[in-house]
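Raw data-v1.txt, compact mmCIF, C-alpha atoms:
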```
# COMPACT_ATOMS: atom_id res chain seq x y z
CA GLY W 138 84.45 87.76 109.90
CA PHE W 139 87.89 86.32 110.36
CA TRP W 140 88.61 88.08 113.66
CA THR W 141 86.86 85.82 116.13
CA GLU W 142 88.14 84.87 119.57
CA LYS W 143 89.67 81.66 118.25
CA SER W 144 91.39 83.38 115.31
CA TYR W 145 93.52 85.42 117.70
CA PHE W 146 95.26 82.19 118.67
CA LEU W 147 95.72 81.14 115.02
CA VAL W 148 97.26 84.39 113.77
CA PRO W 149 100.68 83.99 115.46
CA SER W 150 101.13 80.50 114.02
CA ILE W 151 100.08 81.58 110.53
CA VAL W 152 102.27 84.69 110.55
CA CYS W 153 105.28 82.75 111.86
CA ALA W 154 104.81 79.96 109.33
CA ILE W 155 104.63 82.38 106.41
CA CYS W 156 107.21 84.96 107.51
CA SER W 157 109.94 82.76 109.03
CA PRO W 158 111.42 81.60 105.73
CA ILE W 159 111.00 85.06 104.18
CA PHE W 160 112.75 86.79 107.08
CA GLY W 161 115.40 84.06 107.10
CA LEU W 162 116.12 84.68 103.42
CA ILE W 163 116.34 88.44 103.96
CA ILE W 164 118.71 88.00 106.90
CA ASP W 165 120.86 85.53 104.94
CA LEU W 166 121.06 87.91 101.99
CA LYS W 167 121.67 91.09 103.98
CA GLY W 168 123.78 89.69 106.82
CA LYS W 169 124.30 91.68 110.04
CA THR W 170 122.30 89.22 112.13
CA ILE W 171 122.98 91.12 115.37
CA ASN W 172 121.45 94.29 113.92
CA TRP W 173 118.33 92.36 112.94
CA ALA W 174 118.09 90.88 116.45
CA LEU W 175 118.40 94.34 118.03
CA PHE W 176 115.80 95.76 115.65
CA ALA W 177 113.42 92.90 116.44
CA THR W 178 113.90 93.40 120.18
CA PHE W 179 113.26 97.13 119.78
CA THR W 180 110.04 96.56 117.79
CA LEU W 181 108.90 93.94 120.32
CA THR W 182 109.50 96.43 123.12
CA ILE W 183 107.48 99.14 121.37
CA SER W 184 104.69 96.67 120.62
CA SER W 185 104.60 95.80 124.34
CA ILE W 186 104.52 99.42 125.47
CA ILE W 187 101.45 100.22 123.35
CA PRO W 188 99.02 97.77 125.03
CA LEU W 189 100.45 98.71 128.42
CA LEU W 190 99.66 102.37 127.74
CA SER W 191 96.24 101.41 126.40
CA ALA W 192 95.49 99.46 129.58
CA LEU W 193 96.78 102.19 131.89
CA PHE W 194 94.92 105.03 130.15
CA GLU W 195 91.88 102.87 129.31
CA GLN W 196 91.95 104.07 125.72
CA GLN W 197 92.79 102.04 122.64
CA ILE W 198 95.88 103.47 120.96
CA ILE W 199 96.13 101.09 118.02
CA ASP W 200 93.77 98.52 116.52
CA PRO W 201 94.31 95.17 118.32
CA GLN W 202 94.48 93.22 115.04
CA ILE W 203 97.26 95.46 113.72
CA LEU W 204 99.08 95.23 117.05
CA LEU W 205 98.79 91.42 117.06
CA ILE W 206 100.23 91.16 113.55
CA TRP W 207 102.99 93.65 114.47
CA GLN W 208 103.91 91.58 117.52
CA CYS W 209 103.88 88.38 115.45
CA LEU W 210 106.15 89.92 112.82
CA SER W 211 108.52 91.26 115.48
CA TYR W 212 108.60 87.94 117.33
CA THR W 213 109.25 86.03 114.11
CA LEU W 214 112.07 88.40 113.14
CA ALA W 215 113.58 88.01 116.62
CA GLN W 216 113.34 84.25 116.45
CA VAL W 217 114.84 84.00 112.97
CA SER W 218 117.67 86.42 113.74
CA MET W 219 118.61 84.90 117.11
CA TYR W 220 118.80 81.24 116.11
CA PRO W 221 121.93 81.65 113.94
CA LEU W 222 123.66 83.58 116.73
CA MET W 223 123.53 80.57 119.04
CA SER W 224 126.37 78.83 117.20
CA PHE W 225 128.65 81.81 117.91
CA ILE W 226 127.83 81.90 121.62
CA VAL W 227 127.72 78.24 122.69
CA ASN W 228 130.34 75.51 122.30
CA ARG W 229 129.61 73.03 119.54
CA GLU W 230 129.43 70.12 122.01
CA ILE W 231 126.36 71.57 123.75
CA LEU W 232 124.75 73.39 120.83
CA SER W 233 121.75 71.03 120.65
CA VAL W 234 121.13 71.45 124.38
CA ALA W 235 121.29 75.23 123.97
CA TYR W 236 118.76 75.16 121.12
CA GLY W 237 116.50 72.91 123.20
CA ALA W 238 116.76 75.23 126.19
CA MET W 239 115.99 78.26 124.01
CA ILE W 240 112.89 76.60 122.55
CA SER W 241 111.81 75.47 126.03
CA VAL W 242 112.04 79.01 127.43
CA GLN W 243 110.10 80.35 124.44
CA ASN W 244 107.34 77.78 124.91
CA ILE W 245 107.11 78.45 128.64
CA GLY W 246 106.84 82.17 127.94
CA LEU W 247 104.16 81.66 125.31
CA SER W 248 102.11 79.40 127.57
CA ILE W 249 102.32 81.80 130.52
CA TYR W 250 101.40 84.71 128.25
CA SER W 251 98.41 82.83 126.84
CA PHE W 252 97.29 81.78 130.31
CA PHE W 253 97.30 85.34 131.63
CA ILE W 254 95.54 86.73 128.58
CA THR W 255 92.73 84.18 128.68
CA ASN W 256 92.33 83.78 132.46
CA GLY W 257 93.68 86.96 133.99
CA THR W 258 92.24 90.25 135.05
CA LEU W 259 93.31 93.65 133.76
CA ASN W 260 95.80 94.00 136.65
CA ALA W 261 97.33 90.61 135.84
CA PHE W 262 97.57 91.64 132.18
CA ILE W 263 99.32 94.90 133.11
CA LEU W 264 101.73 93.02 135.38
CA LEU W 265 102.44 90.54 132.59
CA LEU W 266 103.13 93.37 130.13
CA LEU W 267 105.50 94.99 132.62
CA VAL W 268 107.41 91.72 133.05
CA VAL W 269 107.64 91.26 129.28
CA LEU W 270 108.77 94.86 128.87
CA VAL W 271 111.49 94.53 131.52
CA CYS W 272 112.76 91.31 129.90
CA GLN W 273 112.88 92.98 126.50
CA LEU W 274 114.72 96.00 127.86
CA ILE W 275 117.24 93.72 129.53
CA ALA W 276 117.68 91.87 126.21
CA MET W 277 118.31 95.17 124.42
CA VAL W 278 120.96 96.19 126.96
CA ILE W 279 122.74 92.84 126.98
```

Would you kindly transcribe this structure into structure tokens?
Amino acid sequence: GFWTEKSYFLVPSIVCAICSPIFGLIIDLKGKTINWALFATFTLTISSIIPLLSALFEQQIIDPQILLIWQCLSYTLAQVSMYPLMSFIVNREILSVAYGAMISVQNIGLSIYSFFITNGTLNAFILLLLVVLVCQLIAMVI
């Protein structure tokens, strides 16, 4: 079937490629970019709590494929809703640097996440989920 070990690394790219313009259009039409960013952060937080609970209780709460797609959709919505906000936060003179820094932090996070998932133990995975969860909660508060 489609769900092989390698396909788990393809799904985020495919979902982001398809959903980014769709979510961008919805956000442009509806407005309220901050609300979309908060909603995306909330859904990312919930989608991080579920695997953490599954790992702690050693029982699968939700199908991993559904959870992966949910996380991809939430991440894409967060990405699409946060990019337009950058121009309101940062001075125009350093806007390109700010976008570059934001993309750099995202790529570092994705590479660390991938490294821990492919090379780590269950304890490393739980620690990684806790770090992600704390970062998302901080983002929701700020």

- List the neighbours of range 234-247 of chain W out to 10 Å using only C-alpha atoms; skip same-chain residues closer than 3 positions along the sequence, and give me the result as a PyMOL selection string. chain W and resi 216+219-220+223-224+226-231+250-252+269

- Item | Which of W:Leu205, W:Cys272, W:Val217, W:Leu266 sits closest to Phe160 in chain W [using only C-alpha atoms] |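 Under the stated criterion, the closest residue is W:Val217.
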
- Interatomic distance (Å, one decimal) between CA of Pro188 in chain W and CA of Cys209 in chain W: 14.3 Å

- When distances are computed from all atoms listed in the file, which of W:Ser233, W:Ser211, W:Ser218, W:Thr178 shows the smallest separation from Ile163 in chain W?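 Between W:Ser233, W:Ser211, W:Ser218, W:Thr178, the residue approaching Ile163 in chain W most closely is W:Ser218.
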
Show me, as a compact mmCIF listing (two decimals) with C-alpha atoms, keeping the file's coordinate frame, the residues that have an atom within 10 Å of range 195-202 of chain W when counting all atoms listed in the file, minus same-chain residues fewer than 5 positions from it.
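Saved file part22.txt follows:
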```txt
# COMPACT_ATOMS: atom_id res chain seq x y z
CA TRP W 140 88.61 88.08 113.66
CA TYR W 145 93.52 85.42 117.70
CA VAL W 148 97.26 84.39 113.77
CA SER W 184 104.69 96.67 120.62
CA ILE W 187 101.45 100.22 123.35
CA PRO W 188 99.02 97.77 125.03
CA LEU W 189 100.45 98.71 128.42
CA LEU W 190 99.66 102.37 127.74
CA TRP W 207 102.99 93.65 114.47
CA GLN W 208 103.91 91.58 117.52
```

- Task: Between W:Ser150, W:Thr182, W:Ser248, W:Thr170, single out the one closest to Leu274 in chain W, counting only C-alpha atoms.
- Result: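 Checking each of W:Ser150, W:Thr182, W:Ser248, W:Thr170 against Leu274 in chain W, counting only C-alpha atoms, the winner is W:Thr182.
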
- Message: Just the number, please: distance in Å from CA of Leu222 in chain W to CA of Ile275 in chain W, one decimal.
- Response: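 These two atoms are separated by 17.5 Å.
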
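For the atom pair formed by CA of Phe176 in chain W and CA of Phe194 in chain W, the distance is 27.1 Å, given to one decimal.
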